file query_36.cif (mmCIF, C-alpha atoms and all ligand atoms)
data_work
#
loop_
_atom_site.label_atom_id
_atom_site.label_comp_id
_atom_site.auth_asym_id
_atom_site.auth_seq_id
_atom_site.Cartn_x
_atom_site.Cartn_y
_atom_site.Cartn_z
CA MET A 1 0.00 0.00 0.00
CA LYS A 2 1.34 3.47 -0.95
CA PHE A 3 0.65 6.65 1.02
CA LYS A 4 1.03 10.25 -0.17
CA ALA A 5 3.16 12.36 2.21
CA ALA A 6 3.93 16.09 2.39
CA VAL A 7 6.22 18.18 4.60
CA ILE A 8 5.26 21.60 6.00
CA GLY A 9 8.35 23.58 7.06
CA CYS A 10 11.53 22.81 5.12
CA GLY A 11 14.09 24.14 7.61
CA ARG A 12 16.58 22.06 9.58
CA ILE A 13 14.47 19.11 10.79
CA GLY A 14 12.13 19.22 7.77
CA CYS A 15 14.92 18.90 5.16
CA GLY A 16 18.16 20.66 6.07
CA PHE A 17 19.90 18.37 8.58
CA ASP A 18 20.56 15.86 5.80
CA GLU A 19 23.05 18.36 4.34
CA ASP A 20 25.23 18.07 7.46
CA PRO A 21 28.18 15.82 6.53
CA LYS A 22 28.55 14.74 10.18
CA ARG A 23 25.04 13.24 10.28
CA LYS A 24 25.53 9.76 8.89
CA GLN A 25 21.91 8.59 9.20
CA VAL A 26 18.80 10.09 7.63
CA SER A 27 17.99 13.01 9.96
CA THR A 28 14.97 14.75 8.41
CA HIS A 29 11.29 14.12 7.76
CA ALA A 30 11.72 14.56 3.99
CA GLY A 31 14.67 12.13 3.99
CA ALA A 32 12.74 9.51 5.97
CA TYR A 33 9.77 9.70 3.53
CA PHE A 34 12.11 9.66 0.52
CA PHE A 35 13.65 6.36 1.64
CA ASN A 36 10.36 4.64 2.57
CA SER A 37 9.06 2.37 -0.20
CA ASN A 38 5.46 2.68 1.09
CA ILE A 39 5.50 6.46 0.61
CA ASP A 40 5.41 8.92 -2.25
CA LEU A 41 6.68 12.31 -1.07
CA VAL A 42 4.34 14.42 -3.22
CA ALA A 43 4.84 17.98 -1.94
CA LEU A 44 6.80 20.39 0.22
CA SER A 45 5.57 23.65 1.72
CA ASP A 46 7.60 26.55 3.11
CA VAL A 47 7.35 30.34 3.02
CA ASN A 48 11.00 30.32 1.90
CA GLU A 49 11.11 29.71 -1.88
CA ASP A 50 14.86 29.02 -1.91
CA PHE A 51 14.31 26.07 0.41
CA LEU A 52 11.49 24.77 -1.79
CA LYS A 53 13.69 24.89 -4.88
CA LYS A 54 16.71 23.30 -3.22
CA TYR A 55 14.95 20.52 -1.32
CA SER A 56 12.42 19.57 -4.00
CA GLN A 57 15.46 18.78 -6.17
CA ARG A 58 17.31 16.94 -3.42
CA PHE A 59 14.33 14.72 -2.50
CA SER A 60 12.75 14.53 -6.03
CA VAL A 61 9.48 16.13 -4.91
CA PRO A 62 7.16 17.07 -7.81
CA ASN A 63 5.19 19.96 -6.24
CA THR A 64 5.96 22.86 -3.89
CA TYR A 65 3.75 25.44 -2.17
CA THR A 66 4.39 28.67 -0.26
CA ASN A 67 0.91 28.31 1.26
CA TYR A 68 0.41 25.05 3.13
CA LYS A 69 -3.40 25.40 3.01
CA ASP A 70 -3.28 25.31 -0.82
CA MET A 71 -1.04 22.26 -0.61
CA LEU A 72 -3.46 20.38 1.66
CA GLU A 73 -6.47 21.25 -0.53
CA ILE A 74 -4.81 20.34 -3.83
CA GLU A 75 -2.59 17.38 -2.91
CA LYS A 76 -4.86 15.76 -0.28
CA PRO A 77 -1.90 13.94 1.35
CA ASP A 78 -2.46 10.90 3.60
CA ILE A 79 0.43 11.88 5.89
CA ILE A 80 1.87 15.28 6.74
CA SER A 81 4.87 16.33 8.75
CA ILE A 82 4.66 19.59 10.69
CA CYS A 83 8.20 20.93 10.95
CA THR A 84 7.45 24.57 11.74
CA TRP A 85 7.81 26.23 15.17
CA ASN A 86 5.38 25.22 17.89
CA GLU A 87 3.06 28.27 17.86
CA THR A 88 1.89 27.23 14.35
CA HIS A 89 1.16 23.56 15.13
CA HIS A 90 -2.41 24.00 16.40
CA GLU A 91 -3.68 25.79 13.29
CA ILE A 92 -1.87 23.47 10.88
CA VAL A 93 -3.31 20.37 12.61
CA LYS A 94 -6.84 21.83 12.39
CA VAL A 95 -6.56 22.57 8.65
CA ALA A 96 -4.90 19.21 7.94
CA VAL A 97 -7.64 17.27 9.76
CA GLU A 98 -10.31 19.23 7.86
CA ASN A 99 -8.58 18.20 4.63
CA GLY A 100 -8.75 14.50 5.47
CA VAL A 101 -5.19 13.51 6.37
CA LYS A 102 -4.81 10.07 7.96
CA ALA A 103 -1.72 10.75 10.07
CA ILE A 104 0.30 13.71 11.33
CA PHE A 105 3.98 13.53 12.31
CA CYS A 106 4.44 16.69 14.37
CA GLU A 107 7.63 18.21 15.71
CA LYS A 108 8.22 18.78 19.40
CA PRO A 109 7.25 20.58 21.59
CA ILE A 110 3.70 19.65 20.62
CA SER A 111 2.42 23.23 20.89
CA ASN A 112 2.84 26.56 22.69
CA SER A 113 0.13 26.10 25.35
CA LEU A 114 -1.74 23.29 27.10
CA ASP A 115 -5.05 24.46 25.60
CA ASN A 116 -3.68 24.36 22.06
CA ALA A 117 -2.08 20.94 22.62
CA LYS A 118 -5.38 19.55 23.95
CA GLY A 119 -7.17 21.09 20.95
CA MET A 120 -4.80 19.28 18.56
CA ILE A 121 -5.39 15.95 20.31
CA ASN A 122 -9.18 16.49 20.22
CA PHE A 123 -9.28 17.44 16.49
CA CYS A 124 -7.36 14.26 15.69
CA GLN A 125 -9.39 12.01 17.99
CA GLU A 126 -12.71 13.26 16.58
CA ARG A 127 -11.71 12.35 13.01
CA GLY A 128 -9.63 9.24 13.81
CA VAL A 129 -6.37 10.89 12.71
CA ILE A 130 -3.09 9.52 14.11
CA LEU A 131 -1.02 12.18 15.85
CA MET A 132 2.63 11.26 16.44
CA ILE A 133 5.13 13.59 18.13
CA ASP A 134 8.82 13.52 17.18
CA HIS A 135 10.46 12.71 20.49
CA GLN A 136 12.97 10.74 18.50
CA ARG A 137 14.54 8.57 21.15
CA ARG A 138 11.31 6.56 21.52
CA PHE A 139 11.80 5.35 17.93
CA ASP A 140 15.42 4.41 18.58
CA TYR A 141 16.25 0.71 18.97
CA THR A 142 18.84 1.32 21.73
CA HIS A 143 16.49 3.42 23.87
CA GLN A 144 13.75 0.82 23.46
CA ASN A 145 16.19 -1.82 24.75
CA ILE A 146 17.13 0.33 27.74
CA LYS A 147 13.44 0.71 28.57
CA ASN A 148 12.94 -3.08 28.38
CA PHE A 149 16.10 -3.75 30.42
CA ILE A 150 14.70 -1.56 33.22
CA LYS A 151 11.17 -2.96 32.89
CA GLU A 152 12.43 -6.56 33.12
CA GLY A 153 14.13 -5.70 36.43
CA LYS A 154 17.67 -6.29 35.10
CA LEU A 155 18.87 -3.03 36.72
CA GLY A 156 17.06 -3.88 39.97
CA ARG A 157 15.13 -1.18 41.82
CA ILE A 158 16.00 2.31 40.55
CA GLN A 159 17.56 4.15 43.51
CA GLN A 160 18.24 7.53 41.87
CA ALA A 161 18.57 9.16 38.45
CA SER A 162 20.14 12.43 37.32
CA PHE A 163 19.83 14.26 34.03
CA TYR A 164 22.09 17.00 32.62
CA TYR A 165 20.94 19.07 29.63
CA THR A 166 21.58 22.32 27.73
CA ALA A 167 19.67 24.80 25.53
CA GLY A 168 16.29 25.50 27.09
CA ILE A 169 13.60 23.75 29.10
CA ALA A 170 11.14 23.77 26.17
CA ASN A 171 13.60 23.08 23.36
CA THR A 172 15.73 20.31 24.91
CA GLY A 173 13.57 19.79 27.99
CA SER A 174 10.79 18.49 25.76
CA HIS A 175 13.02 15.53 24.73
CA MET A 176 14.38 15.11 28.27
CA PHE A 177 10.97 14.89 29.91
CA ASP A 178 9.69 12.51 27.27
CA LEU A 179 12.69 10.18 27.60
CA LEU A 180 12.34 10.12 31.39
CA ARG A 181 8.62 9.32 31.08
CA PHE A 182 9.48 6.60 28.55
CA PHE A 183 11.83 4.96 31.09
CA PHE A 184 10.06 5.68 34.42
CA GLY A 185 6.38 6.35 33.60
CA ASP A 186 4.15 9.15 34.82
CA VAL A 187 5.28 11.94 37.11
CA GLY A 188 3.83 12.59 40.59
CA TRP A 189 5.35 16.01 41.35
CA ILE A 190 8.18 18.39 40.46
CA GLN A 191 10.06 21.31 41.99
CA ALA A 192 12.19 23.77 39.96
CA HIS A 193 14.44 26.85 40.11
CA LYS A 194 15.73 29.02 37.30
CA SER A 195 19.31 28.16 36.32
CA ASN A 196 22.07 30.74 35.90
CA ASN A 197 23.51 28.71 33.05
CA PHE A 198 22.95 30.28 29.64
CA SER A 199 20.25 29.22 27.17
CA PRO A 200 20.55 30.60 23.61
CA ASN A 201 16.87 31.64 23.63
CA GLU A 202 16.17 34.16 26.39
CA LYS A 203 12.45 33.30 26.18
CA ASP A 204 13.28 29.64 26.82
CA PRO A 205 15.61 29.67 29.85
CA ASN A 206 17.14 26.73 31.68
CA PHE A 207 15.81 25.36 34.97
CA ASP A 208 17.19 22.97 37.57
CA GLY A 209 14.80 20.79 39.50
CA LEU A 210 13.58 17.54 40.93
CA ILE A 211 11.11 15.05 39.51
CA LYS A 212 9.38 12.41 41.59
CA PHE A 213 7.87 9.68 39.42
CA LYS A 214 4.76 7.80 40.50
CA ASN A 215 6.84 4.59 40.66
CA GLY A 216 9.02 6.21 43.36
CA VAL A 217 12.06 7.15 41.23
CA LEU A 218 13.57 10.54 42.12
CA CYS A 219 15.48 12.32 39.34
CA THR A 220 17.53 15.52 39.57
CA ILE A 221 17.47 17.84 36.55
CA GLN A 222 20.48 20.08 36.03
CA ALA A 223 21.14 22.53 33.19
CA CYS A 224 24.56 23.48 31.78
CA ASP A 225 25.66 26.24 29.39
CA VAL A 226 25.46 25.16 25.75
CA LYS A 227 28.18 27.68 24.79
CA ASN A 228 30.69 25.34 26.44
CA TYR A 229 29.34 22.09 25.04
CA LEU A 230 26.12 20.30 24.17
CA ILE A 231 24.97 17.84 26.80
CA PHE A 232 22.07 15.37 27.15
CA ASP A 233 23.34 12.91 29.76
CA LEU A 234 21.49 10.57 32.07
CA ASP A 235 22.76 8.41 34.96
CA ILE A 236 20.45 5.71 36.31
CA PHE A 237 21.54 4.00 39.53
CA GLY A 238 19.81 0.65 40.02
CA THR A 239 20.36 -1.81 42.86
CA LYS A 240 22.00 -4.22 40.34
CA GLY A 241 24.15 -1.73 38.37
CA LYS A 242 24.25 1.62 36.61
CA ILE A 243 23.33 2.79 33.11
CA SER A 244 24.84 6.03 31.75
CA LEU A 245 23.82 7.82 28.57
CA SER A 246 26.06 10.43 26.93
CA LYS A 247 26.75 11.87 23.43
CA ALA A 248 23.29 13.45 23.07
CA GLY A 249 21.85 10.45 24.90
CA PHE A 250 22.92 7.91 22.26
CA LYS A 251 26.03 6.34 23.85
CA VAL A 252 25.21 3.73 26.49
CA GLU A 253 27.62 2.56 29.16
CA TYR A 254 26.99 -0.06 31.82
CA ASN A 255 28.55 -0.48 35.27
CA GLU A 256 28.34 -3.80 37.10
CA ILE A 257 28.82 -4.32 40.84
CA ILE A 258 32.17 -5.77 41.96
CA GLU A 259 33.99 -6.22 45.30
CA SER A 260 35.82 -2.99 46.18
CA ASP A 261 39.59 -3.21 45.89
CA LEU A 262 39.91 -0.14 48.15
CA PHE A 263 37.74 -0.94 51.18
CA SER A 264 37.04 -4.32 52.82
CA GLY A 265 33.36 -5.14 53.14
CA TYR A 266 32.26 -2.73 50.39
CA LYS A 267 31.25 -3.16 46.76
CA GLU A 268 31.67 -0.65 43.94
CA LEU A 269 30.59 0.05 40.35
CA SER A 270 32.88 -0.91 37.51
CA GLN A 271 32.44 -0.30 33.80
CA THR A 272 31.95 -3.49 31.81
CA ASN A 273 30.64 -4.65 28.44
CA CYS A 274 27.19 -3.16 27.88
CA PRO A 275 24.50 -5.87 28.04
CA ILE A 276 22.02 -3.60 26.22
CA LYS A 277 21.83 -4.17 22.46
CA GLU A 278 22.71 -1.05 20.42
CA LYS A 279 22.12 -0.13 16.78
CA SER A 280 22.96 2.87 14.58
CA ARG A 281 20.75 5.93 14.97
CA ASP A 282 18.08 5.25 12.33
CA PHE A 283 15.30 6.78 14.37
CA MET A 284 13.81 9.05 11.66
CA VAL A 285 13.55 6.16 9.19
CA ASP A 286 12.18 3.90 11.95
CA ALA A 287 9.71 6.59 13.05
CA VAL A 288 8.20 6.81 9.57
CA LYS A 289 8.05 2.99 9.27
CA HIS A 290 6.24 2.97 12.63
CA LEU A 291 3.79 5.65 11.45
CA VAL A 292 2.95 3.61 8.35
CA ASP A 293 2.38 0.52 10.55
CA CYS A 294 0.11 2.61 12.81
CA ILE A 295 -2.04 3.63 9.81
CA ILE A 296 -2.27 0.10 8.44
CA ASN A 297 -2.96 -1.57 11.82
CA LYS A 298 -4.98 1.33 13.28
CA GLN A 299 -2.57 1.55 16.25
CA LYS A 300 -1.68 4.37 18.61
CA PRO A 301 1.90 5.55 17.99
CA ILE A 302 4.74 4.92 20.42
CA CYS A 303 4.92 8.72 20.93
CA SER A 304 1.33 9.98 20.87
CA GLY A 305 -0.23 13.42 21.18
CA GLU A 306 -0.86 12.60 24.85
CA ASP A 307 2.87 11.97 25.31
CA GLY A 308 3.57 15.34 23.70
CA LEU A 309 1.06 16.96 26.05
CA ALA A 310 2.63 15.29 29.11
CA SER A 311 6.02 16.68 28.13
CA LEU A 312 4.53 20.16 27.66
CA GLU A 313 2.86 19.91 31.08
CA LEU A 314 6.27 19.28 32.63
CA ILE A 315 7.77 22.29 30.82
CA CYS A 316 4.92 24.51 32.13
CA ALA A 317 5.13 22.97 35.63
CA PHE A 318 8.89 23.71 35.82
CA LYS A 319 8.23 27.34 34.88
CA GLU A 320 5.35 27.68 37.36
CA SER A 321 7.34 26.10 40.19
CA ALA A 322 10.34 28.41 39.57
CA GLU A 323 8.05 31.46 39.53
CA GLN A 324 6.80 30.36 42.96
CA LYS A 325 10.28 29.86 44.49
CA GLY A 326 10.44 26.12 43.94
CA LYS A 327 6.88 25.27 45.00
CA MET A 328 6.06 21.56 44.72
CA ILE A 329 3.64 21.09 41.78
CA SER A 330 1.63 17.91 41.23
CA LEU A 331 1.09 16.39 37.80
CA PRO A 332 -0.95 16.14 35.63
CA LEU A 333 -1.18 19.90 35.32
CA GLU A 334 -4.85 20.47 34.51
CA GLN A 335 -4.43 24.15 33.57
CA SER A 336 -1.65 26.64 32.91
CA GLN A 337 -1.65 30.10 31.36
CA ILE A 338 2.03 29.72 30.47
CA GLU A 339 2.92 30.11 26.79
CA ILE A 340 6.17 28.53 25.80
CA ASN A 341 8.57 29.73 23.13
CA SER A 342 11.12 27.12 22.15
CA LYS A 343 12.98 28.83 19.28
N1 LIG B 401 13.02 16.41 17.04
C1 LIG B 401 14.18 17.07 17.01
O1 LIG B 401 15.22 16.56 17.40
C2 LIG B 401 14.20 18.46 16.48
C3 LIG B 401 15.37 19.01 15.96
C4 LIG B 401 15.30 20.31 15.45
C5 LIG B 401 14.12 21.02 15.50
N2 LIG B 401 13.01 20.44 16.05
C6 LIG B 401 11.73 21.16 16.13
O2 LIG B 401 11.25 21.37 14.80
C7 LIG B 401 10.61 22.64 14.69
C8 LIG B 401 11.34 23.45 13.62
O3 LIG B 401 12.70 23.58 13.98
P1 LIG B 401 13.85 23.85 12.90
O4 LIG B 401 15.10 23.91 13.66
O5 LIG B 401 13.74 22.90 11.76
O6 LIG B 401 13.45 25.32 12.45
P2 LIG B 401 13.79 26.09 11.10
O7 LIG B 401 13.61 27.54 11.41
O8 LIG B 401 15.09 25.62 10.55
O9 LIG B 401 12.62 25.60 10.13
C9 LIG B 401 11.30 26.01 10.22
C10 LIG B 401 10.79 26.24 8.82
O10 LIG B 401 9.39 26.49 8.86
C11 LIG B 401 9.12 27.42 7.84
N3 LIG B 401 7.79 28.02 8.06
C12 LIG B 401 7.44 28.93 8.99
N4 LIG B 401 6.13 29.23 8.89
C13 LIG B 401 5.63 28.46 7.88
C14 LIG B 401 4.35 28.30 7.28
N5 LIG B 401 3.28 28.98 7.71
N6 LIG B 401 4.21 27.44 6.26
C15 LIG B 401 5.28 26.72 5.80
N7 LIG B 401 6.52 26.84 6.33
C16 LIG B 401 6.70 27.70 7.35
C17 LIG B 401 10.27 28.40 7.91
O11 LIG B 401 10.39 29.19 6.77
C18 LIG B 401 11.44 27.45 8.13
O12 LIG B 401 12.04 27.05 6.91
C19 LIG B 401 10.69 23.25 16.10
O13 LIG B 401 9.50 22.99 16.76
C20 LIG B 401 11.85 22.52 16.76
O14 LIG B 401 11.72 22.44 18.17
C21 LIG B 401 13.04 19.19 16.52
#

call {"tool": "encode", "arguments": {"input": "query_36.cif", "output": "structure tokens"}}
result
Amino acid sequence: MKFKAAVIGCGRIGCGFDEDPKRKQVSTHAGAYFFNSNIDLVALSDVNEDFLKKYSQRFSVPNTYTNYKDMLEIEKPDIISICTWNETHHEIVKVAVENGVKAIFCEKPISNSLDNAKGMINFCQERGVILMIDHQRRFDYTHQNIKNFIKEGKLGRIQQASFYYTAGIANTGSHMFDLLRFFFGDVGWIQAHKSNNFSPNEKDPNFDGLIKFKNGVLCTIQACDVKNYLIFDLDIFGTKGKISLSKAGFKVEYNEIIESDLFSGYKELSQTNCPIKEKSRDFMVDAVKHLVDCIINKQKPICSGEDGLASLELICAFKESAEQKGKMISLPLEQSQIEINSK
């Protein structure tokens, strides 16, 4: 079965990252559609005509549009990708649903406010449209294996976790919160304080904080300054060993427990061969394969609109807690007037 796909927003994640010689795997929505044999990439839309010209050639796309509404009406795609900034997502989802799309692959953060995110989920639910959010690590084989390793009890009881990130609570935090929910489940409460460490977007600052998951795991959240280096690191201390993620969260290291050679009667952690199966980072290609499977089998995606909303709730809760001097805030956050800006 063949599906018609179209991309709205042909910037970095829509099309451009595939020009980066350091990115060895397909890293864009257009690239992932181009390489999927079940998909015809029929159109691109962007307000930037230079991008349309360049990327329609690169990905052999027959039609381009500066107005995405025209594209939806004329092309009637089955699948669209929304790769514009988050304040536009709500309106694009509404128009796409009205034009009969079957599935939407939407960039993170899901939207700019809780109300708009809920609206997007409702539009899609009412018309049976699949809404999948691009928190990429959920589509990644290695991260799925880490989740299963924890779920099967191979790390024992999780004693503590700590996360280090850079570049904004909405921008990077969206991925961080989703990955933590993927591993540890729903959140009970959070506390947060504004960080002094620089974020490139002054409207999307960094925050430090604490997350208590409903399963009892406590995780510290600490921001660093992206001007020094990019970081997306997680340490998980289980009673049977330790997992560490580094290199944007894609390198996995494992520590086993051994007898201490320093102190009698104590044990310590020691790095050893990683028992978690790893694979190259093909998450964009795998995400699109998953979306096609979801359409065919009428399944909910591994990263749904509700997952996007839960991540946005955590972003808003961190901001609200910091505004109230680290007040403890319970999740889910039913309401928030906070508007986020993740540019
Ligand atoms: N999942 C990830 O790892 C990841 C990585 C990068 C960006 N993102 C997310 O993707 C989104 C876009 O980020 P980016 O870095 O690609 O931004 P970008 O600025 O490079 O691209 C956005 C594009 O949208 C276009 N655009 C704006 N309004 C439009 C409209 N009405 N119709 C059609 N096109 C329009 C712009 O001209 C631009 O080309 C953001 O929400 C960002 O958080 C996610």

call {"tool": "closest_atom_pairs", "arguments": {"input": "query_36.cif", "of": "stretch 246-280 of chain A", "to": "stretch 161-172 of chain A", "cutoff": "10 Å", "atoms": "only C-alpha atoms", "output": "tab-separated table"}}
result
residue	atom	partner	partner_atom	distance
A:Ser246	CA	A:Tyr164	CA	9.6
A:Ala248	CA	A:Tyr165	CA	9.0
A:Gly249	CA	A:Tyr165	CA	9.9

call {"tool": "axis_aligned_box", "arguments": {"input": "query_36.cif", "around": "ligand LIG 401 (chain B)", "padding_each_side": "8 Å", "output": "AutoDock Vina command-line options"}}
result
--center_x 9.3 --center_y 22.8 --center_z 12.0 --size_x 28.1 --size_y 28.8 --size_z 28.4

call {"tool": "atom_distance", "arguments": {"input": "query_36.cif", "atom1": "atom O8 of ligand LIG 401 (chain B)", "atom2": "atom CA of A:Glu49"}}
result
13.7 Å

call {"tool": "residues_around", "arguments": {"input": "query_36.cif", "residues": "stretch 50-58 of chain A", "least_positions_apart": "3", "cutoff": "10 Å", "atoms": "all atoms listed in the file", "output": "VMD selection string"}}
result
chain A and resid 9 to 11 14 to 16 18 to 19 30 to 31 34 41 to 47 61 to 66

call {"tool": "residues_around", "arguments": {"input": "query_36.cif", "residues": "A:Phe35", "least_positions_apart": "4", "cutoff": "12 Å", "atoms": "only C-alpha atoms", "output": "count of residues only"}}
result
18

call {"tool": "decode", "arguments": {"input": "query_36.cif", "residues": "stretch 102-111 of chain A", "atoms": "all heavy atoms", "output": "mmCIF file, in the first residue's frame"}}
result
data_model
loop_
_atom_site.group_PDB
_atom_site.id
_atom_site.type_symbol
_atom_site.label_atom_id
_atom_site.label_comp_id
_atom_site.auth_asym_id
_atom_site.auth_seq_id
_atom_site.Cartn_x
_atom_site.Cartn_y
_atom_site.Cartn_z
ATOM 1 N N LYS A 102 -4.651 11.267 7.114
ATOM 2 C CA LYS A 102 -4.807 10.065 7.962
ATOM 3 C C LYS A 102 -3.883 10.123 9.174
ATOM 4 O O LYS A 102 -4.190 9.571 10.229
ATOM 5 C CB LYS A 102 -4.461 8.801 7.167
ATOM 6 C CG LYS A 102 -5.416 8.481 6.038
ATOM 7 C CD LYS A 102 -5.029 7.110 5.452
ATOM 8 C CE LYS A 102 -6.052 6.600 4.457
ATOM 9 N NZ LYS A 102 -5.989 7.306 3.164
ATOM 10 N N ALA A 103 -2.706 10.757 8.987
ATOM 11 C CA ALA A 103 -1.719 10.753 10.068
ATOM 12 C C ALA A 103 -0.878 12.022 10.008
ATOM 13 O O ALA A 103 -0.590 12.546 8.930
ATOM 14 C CB ALA A 103 -0.810 9.529 9.934
ATOM 15 N N ILE A 104 -0.512 12.495 11.204
ATOM 16 C CA ILE A 104 0.304 13.712 11.330
ATOM 17 C C ILE A 104 1.541 13.384 12.157
ATOM 18 O O ILE A 104 1.420 12.848 13.262
ATOM 19 C CB ILE A 104 -0.499 14.843 12.025
ATOM 20 C CG1 ILE A 104 -1.719 15.207 11.187
ATOM 21 C CG2 ILE A 104 0.390 16.057 12.275
ATOM 22 C CD1 ILE A 104 -2.661 16.205 11.844
ATOM 23 N N PHE A 105 2.703 13.702 11.595
ATOM 24 C CA PHE A 105 3.983 13.533 12.309
ATOM 25 C C PHE A 105 4.431 14.950 12.673
ATOM 26 O O PHE A 105 4.857 15.714 11.803
ATOM 27 C CB PHE A 105 4.963 12.830 11.367
ATOM 28 C CG PHE A 105 6.269 12.417 11.990
ATOM 29 C CD1 PHE A 105 6.457 12.396 13.368
ATOM 30 C CD2 PHE A 105 7.333 12.022 11.179
ATOM 31 C CE1 PHE A 105 7.664 12.003 13.930
ATOM 32 C CE2 PHE A 105 8.539 11.617 11.733
ATOM 33 C CZ PHE A 105 8.711 11.618 13.102
ATOM 34 N N CYS A 106 4.280 15.292 13.953
ATOM 35 C CA CYS A 106 4.437 16.691 14.374
ATOM 36 C C CYS A 106 5.697 16.869 15.213
ATOM 37 O O CYS A 106 5.977 16.064 16.105
ATOM 38 C CB CYS A 106 3.213 17.092 15.192
ATOM 39 S SG CYS A 106 3.273 18.788 15.794
ATOM 40 N N GLU A 107 6.415 17.942 14.937
ATOM 41 C CA GLU A 107 7.632 18.210 15.711
ATOM 42 C C GLU A 107 7.316 18.593 17.157
ATOM 43 O O GLU A 107 6.227 19.023 17.482
ATOM 44 C CB GLU A 107 8.460 19.313 15.024
ATOM 45 C CG GLU A 107 9.531 18.756 14.127
ATOM 46 C CD GLU A 107 10.371 17.667 14.814
ATOM 47 O OE1 GLU A 107 10.611 17.765 16.029
ATOM 48 O OE2 GLU A 107 10.765 16.713 14.129
ATOM 49 N N LYS A 108 8.309 18.420 18.005
ATOM 50 C CA LYS A 108 8.225 18.784 19.403
ATOM 51 C C LYS A 108 8.618 20.255 19.561
ATOM 52 O O LYS A 108 9.305 20.758 18.673
ATOM 53 C CB LYS A 108 9.095 17.894 20.288
ATOM 54 C CG LYS A 108 10.518 17.636 19.834
ATOM 55 C CD LYS A 108 11.483 18.728 19.583
ATOM 56 C CE LYS A 108 11.918 19.614 20.680
ATOM 57 N NZ LYS A 108 12.999 20.562 20.255
ATOM 58 N N PRO A 109 8.315 20.926 20.648
ATOM 59 C CA PRO A 109 7.254 20.584 21.593
ATOM 60 C C PRO A 109 5.913 20.621 20.868
ATOM 61 O O PRO A 109 5.736 21.367 19.912
ATOM 62 C CB PRO A 109 7.325 21.700 22.636
ATOM 63 C CG PRO A 109 8.581 22.449 22.372
ATOM 64 C CD PRO A 109 8.961 22.212 20.962
ATOM 65 N N ILE A 110 4.962 19.831 21.354
ATOM 66 C CA ILE A 110 3.701 19.651 20.624
ATOM 67 C C ILE A 110 3.055 20.986 20.255
ATOM 68 O O ILE A 110 2.547 21.144 19.152
ATOM 69 C CB ILE A 110 2.729 18.748 21.427
ATOM 70 C CG1 ILE A 110 1.424 18.538 20.669
ATOM 71 C CG2 ILE A 110 2.482 19.274 22.818
ATOM 72 C CD1 ILE A 110 0.494 17.501 21.307
ATOM 73 N N SER A 111 3.063 21.939 21.185
ATOM 74 C CA SER A 111 2.425 23.225 20.890
ATOM 75 C C SER A 111 2.955 24.280 21.853
ATOM 76 O O SER A 111 3.911 24.024 22.600
ATOM 77 C CB SER A 111 0.907 23.072 21.002
ATOM 78 O OG SER A 111 0.282 24.224 20.499
#
